[in-house]
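Participant: The structure under discussion is supplied below as C-alpha cells; questions concerning it will follow.
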Amino acid sequence: MSITITAPGRVNLIGEHTDYNGGWVLPAALAVSLSVTLAPRSGDQISVTADVFGGQVRRRLNDAAAGHWSDPAVGALREANTLGLLTGGADLSITSTIPAGSGLSSSAALIVAILKAARGIAGSDISDTAIAVAARRVENDYIGVPCGIMDQMAVAVAAPGEAMALDTATLDYRVVSLPRSHSMAVIHSGHTRQLTDGRYAARKEECDAAKAVFATNDLCQLIPEEIEALVRIDPVLKRRTRHCATEHRRVLAAVEALEAGHIDGFGQLMIGSHASMRDDFDITIPPIDALVSDAVQFGAAGARMTGGGFGGCIVACVECGIREEWQAQLLAAHPRARFIDAVDARIAPS
Ligand code: ADP
Ligand code: MG
C-alpha cells in the first residue's frame, strides 16, 4: 500500500521571526508544491528518492541527523512512529517544484506531506494543526533548526490564493482575502542559504537573551516605547527586540489594510518590514536589499525579503496590469534573479 500527498510551498507576506516570539504572521500558500509517495516497510529501513537531490539514499529509523538532505525525511518518519501512525520504516519518493533553501518552506512541505501520508496509511483523524505542531518538533528537535510554527501551519492548513493571519501564540487564525487588482510575486534572488548554518540559530539565541532582559516570553507584545526607554541593554539586543515588536504591529496593520482594500498602506508596511529586517534584525544581504529597492523603484506597491533570511526570495505586491513589464525590467537588472510564483486571488476557492 502506498499513499501520495502534495503540500504547497508558502510565501510569508509579512511577519518575519515573530513566530517564536509570541507574534502574528501572514503567510499564503503557493502553487509550487512538493509531493511524497510513502509506502511503509516492516523493519527500520528507510529509502528516500528525491528528484532534485538525485539518487536513492538508505537510512535507518534510529539514525541521528547527519547534516544530509534526507534528514527531514528521516525525522518525519521518526515522528510518524512516535505518533503511532507508522510502525517501522518506509520507502519515500519525493518530487518538488519548491526551490529548497529559499525561504519558501520546502522543509515544512516535505515533513508535513510525510506526516499526512502516514496519517492516511493509519486511517488516523489527527488534525492538521497537530500535524503542524509535530512537524515543527522535527525541525527543532531532530534537524536542529529552532524555527517557529509559521511554516508548518501555513503548509498544513492554508489554501492557494488567500492569506492566513496566524497568531502563533494561540494557533488561532483567520483567512484574509487578497486583492484581485494585485498579485504577490515571488522572485528568487539567486542566493540560497542553509538554515542549519547557525545564523538563524544565532538570532533565536539573541531573542532568548532579550527575553531574559525584558522578563517576557513574548518580545512581540512589548510596547515599542518601553523598548526605547530601556537604556541598560546591549544595543544589538535592543535592535533585535525592536524588530520583533514593530514587525508584529506591522502584521496587525497589514491585515487591517488588506481587509480595508488599502493596498498602498499594505505596500508601505512591506517596505517598513524590509527596513527592519535589514537595519534591526540584520538578516538581509546586499543583493536582496538591491532587489527589493528596484522592485519598488520599478512600480511595486511594496516589496520585502521573505523567509528566515540571509538569501532566498523576495515578495512584491504588484498591480496585475503592470506585472509583466515590471518583472521584465527587474529580471533584466538582476541577472541572477528568477520568477518563482505569484499568489493570485483569482484562483482562490470561493
Ligand atoms: P526552506 O524550507 O526555506 O526551503 P530549509 O533549509 O529549511 O529551506 O530546507 C531545505 C531542506 O529540506 C533541504 O536541504 C532538504 O533537506 C529538504 N528538502 C527540500 N526539498 C526537498 C526535496 N525536493 N527532496 C528532498 N528533500 C528536500
Ligand atoms: Mg525550512
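Please note that chains go A, B, ... in the order of the C-alpha cells, that every chain numbers its residues from 1, and that ligands are numbered from 1 in the order shown.
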Within 10 Å of ligand 2, counting only C-alpha atoms and all ligand atoms, which protein or nucleic acid residues do you find, written as a list of chain:residue names?
Facilitator: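 The distance check yields A:Gly9, A:Pro72, A:Ala100, A:Gly101, A:Ser102, A:Gly103, A:Leu104, A:Ser105, A:Ser106, A:Ser107, A:Ala108, A:Ala109, A:Leu110, A:Ile111, A:Arg136, A:Glu139, A:Val145, A:Cys147, A:Asp151, A:Gln152, A:Gln194, A:Leu195, A:Thr196, A:Gly307, A:Gly308.
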Participant: Which residues are close to Pro146 (chain A), i.e. within 10 Å by only C-alpha atoms, leaving aside same-chain residues fewer than 6 positions away? Reply as a count of residues only.
Facilitator: 14
Participant: Considering only C-alpha atoms and all ligand atoms, can you say which of A:Ala333, A:Met1, A:Leu83, A:Ile114 comes closest to ligand 1?
Facilitator: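 Nearest to ligand 1: A:Ile114.
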Participant: Find the distance between CA of Ala300 (chain A) and CA of Glu16 (chain A) and write it in Å to one decimal.
Facilitator: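 Computing the Euclidean distance for CA of Ala300 (chain A) and CA of Glu16 (chain A) yields 20.0 Å.
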Participant: Go through A:Thr6, A:Ser293, A:Ser273, A:Ser70 one by one, measure the shortest atom-to-atom distance of each to ligand 1 using only C-alpha atoms and all ligand atoms, and give the residue with the smallest value.
Facilitator: A:Ser70
Participant: Go through region 89-333 of chain A and collect every residue that DSSP, computed from the backbone, puts in strand (DSSP E or B); the answer should be as JSON, numbers by chain.
Facilitator: {"A": [90, 91, 92, 93, 94, 95, 96, 160, 163, 164, 165, 166, 167, 173, 174, 175, 176, 182, 183, 184, 185, 186, 187, 188, 302, 303, 304, 305, 306, 313, 314, 315, 316, 317, 318, 319]}
Participant: What is the distance between atom 27 (C, counted along the ligand's line) of ligand 1 and CA of Trp69 (chain A), in Å to one decimal?
Facilitator: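 A separation of 6.1 Å between them.
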Participant: List the neighbours of Glu247 (chain A) out to 7 Å using only C-alpha atoms; skip same-chain residues closer than 4 positions along the sequence, and give me the result as a list in words.
Facilitator: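 In the requested format, the answer is Gly15, His243, Val251 and Ser273 of chain A.
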Participant: For the selection just defined, write its residues with C-alpha atoms to a file, as an mmCIF file, in the first residue's frame.
Facilitator:
```cif
data_model
loop_
_atom_site.group_PDB
_atom_site.id
_atom_site.type_symbol
_atom_site.label_atom_id
_atom_site.label_comp_id
_atom_site.auth_asym_id
_atom_site.auth_seq_id
_atom_site.Cartn_x
_atom_site.Cartn_y
_atom_site.Cartn_z
ATOM 1 C CA GLY A 15 5.823 38.992 9.918
ATOM 2 C CA HIS A 243 12.266 44.352 15.153
ATOM 3 C CA VAL A 251 1.365 42.382 10.649
ATOM 4 C CA SER A 273 9.286 45.305 7.279
#
```
Participant: Write out as a count of residues only the set of residues from region 168-287 of chain A that DSSP, computed on the backbone, places in helix (DSSP H, G or I).
Facilitator: 73
Participant: With only C-alpha atoms and all ligand atoms as the atoms that count, which of A:Thr216, A:Ser2, A:Ser47, A:Ser177 lies nearest to ligand 1?
Facilitator: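 For ligand 1, the nearest of the candidates is A:Ser47.
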Participant: What is the distance, in Å and to one decimal place, between atom 6 (O, counted along the ligand's line) of ligand 1 and CA of Gly67 (chain A)?
Facilitator: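 Computing it gives 10.7 Å between the two atoms.
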Participant: With distances taken over only C-alpha atoms and all ligand atoms, which residue among A:Glu162, A:Glu226, A:Asp71, A:Glu319 lies nearest ligand 1?
Facilitator: A:Asp71
Participant: Leaving out Ala165 (chain A) and any residue of its chain fewer than 4 positions from it, which residues lie within 10 Å of it when counting only C-alpha atoms, given as a PyMOL selection string?
Facilitator: chain A and resi 13-15+24-28+154+158+171-176+251-252+254-255
Participant: Ranking A:Arg10, A:His334, A:Lys116, A:Arg240 by minimum distance to ligand 1 and counting only C-alpha atoms and all ligand atoms, which one comes first?
Facilitator: A:Arg10
Participant: Within 12 Å of His68 (chain A), counting only C-alpha atoms, which residues show up once you throw out same-chain ones fewer than 2 positions away? Write them as a PyMOL selection string, please.
Facilitator: chain A and resi 48+53+57-59+63-66+70-75+143+194+196
Participant: Near Phe214 (chain A), counting only C-alpha atoms, which residues have an atom at most 12 Å away, once you skip same-chain residues fewer than 6 positions from it, shown as a ChimeraX atom specification?
Facilitator: /A:207-208,220-223,226-227,229-230,232-234,237-238,241-242
Participant: Would you write out those residues with N, CA, C and O atoms, as a compact mmCIF listing (two decimals), in the first residue's frame?
Facilitator:
```
# COMPACT_ATOMS: atom_id res chain seq x y z
N CYS A 207 17.28 36.54 20.66
CA CYS A 207 15.91 36.79 21.15
C CYS A 207 15.74 36.18 22.54
O CYS A 207 15.09 36.78 23.40
N ASP A 208 16.31 35.00 22.75
CA ASP A 208 16.22 34.39 24.08
C ASP A 208 16.90 35.27 25.13
O ASP A 208 16.38 35.45 26.24
N CYS A 220 7.29 40.16 20.99
CA CYS A 220 6.39 40.86 20.07
C CYS A 220 5.35 41.70 20.80
O CYS A 220 4.80 42.64 20.24
N GLN A 221 5.05 41.33 22.05
CA GLN A 221 3.99 42.04 22.77
C GLN A 221 4.51 43.25 23.53
O GLN A 221 3.74 44.01 24.12
N LEU A 222 5.84 43.45 23.53
CA LEU A 222 6.38 44.63 24.21
C LEU A 222 5.94 45.90 23.47
O LEU A 222 5.77 45.89 22.24
N ILE A 223 5.79 46.97 24.22
CA ILE A 223 5.41 48.25 23.60
C ILE A 223 6.68 48.92 23.12
O ILE A 223 7.66 49.03 23.88
N GLU A 226 8.48 51.29 25.35
CA GLU A 226 9.07 50.61 26.52
C GLU A 226 10.49 50.11 26.16
O GLU A 226 11.42 50.18 26.97
N ILE A 227 10.63 49.66 24.93
CA ILE A 227 11.94 49.15 24.48
C ILE A 227 12.91 50.32 24.35
O ILE A 227 14.05 50.25 24.83
N ALA A 229 12.87 53.08 25.86
CA ALA A 229 13.15 53.71 27.16
C ALA A 229 14.23 52.97 27.94
O ALA A 229 14.88 53.56 28.80
N LEU A 230 14.44 51.71 27.62
CA LEU A 230 15.43 50.93 28.39
C LEU A 230 16.83 51.27 27.89
O LEU A 230 17.15 51.04 26.72
N ARG A 232 19.80 50.45 29.77
CA ARG A 232 20.82 49.46 30.18
C ARG A 232 20.56 48.12 29.48
O ARG A 232 20.19 47.14 30.08
N ILE A 233 20.75 48.13 28.17
CA ILE A 233 20.59 46.90 27.40
C ILE A 233 21.59 46.94 26.26
O ILE A 233 21.88 48.01 25.70
N ASP A 234 22.14 45.80 25.94
CA ASP A 234 23.06 45.68 24.81
C ASP A 234 22.36 46.23 23.55
O ASP A 234 21.22 45.87 23.27
N LEU A 237 20.84 43.63 21.21
CA LEU A 237 19.60 43.01 21.71
C LEU A 237 18.43 43.99 21.59
O LEU A 237 17.30 43.60 21.31
N LYS A 238 18.73 45.27 21.78
CA LYS A 238 17.68 46.28 21.67
C LYS A 238 17.12 46.31 20.24
O LYS A 238 15.91 46.36 20.02
N THR A 241 14.99 43.24 19.55
CA THR A 241 13.69 43.35 20.22
C THR A 241 12.80 44.34 19.48
O THR A 241 11.60 44.10 19.29
N ARG A 242 13.41 45.44 19.04
CA ARG A 242 12.64 46.45 18.30
C ARG A 242 12.03 45.83 17.05
O ARG A 242 10.87 46.04 16.72
```
Participant: My list of candidates is A:Gly267, A:Gly123, A:Pro40, A:Gly55. Which is closest to ligand 1 when distances are computed with only C-alpha atoms and all ligand atoms?
Facilitator: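 Looking only at the distances to ligand 1, the closest residue turns out to be A:Gly55.
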Participant: Just the residues within 6 Å of Thr37 (chain A), please, counting only C-alpha atoms, with nothing from its chain fewer than 5 positions along; format it as an MDAnalysis selection string.
Facilitator: chainID A and resid 3:4 92:93
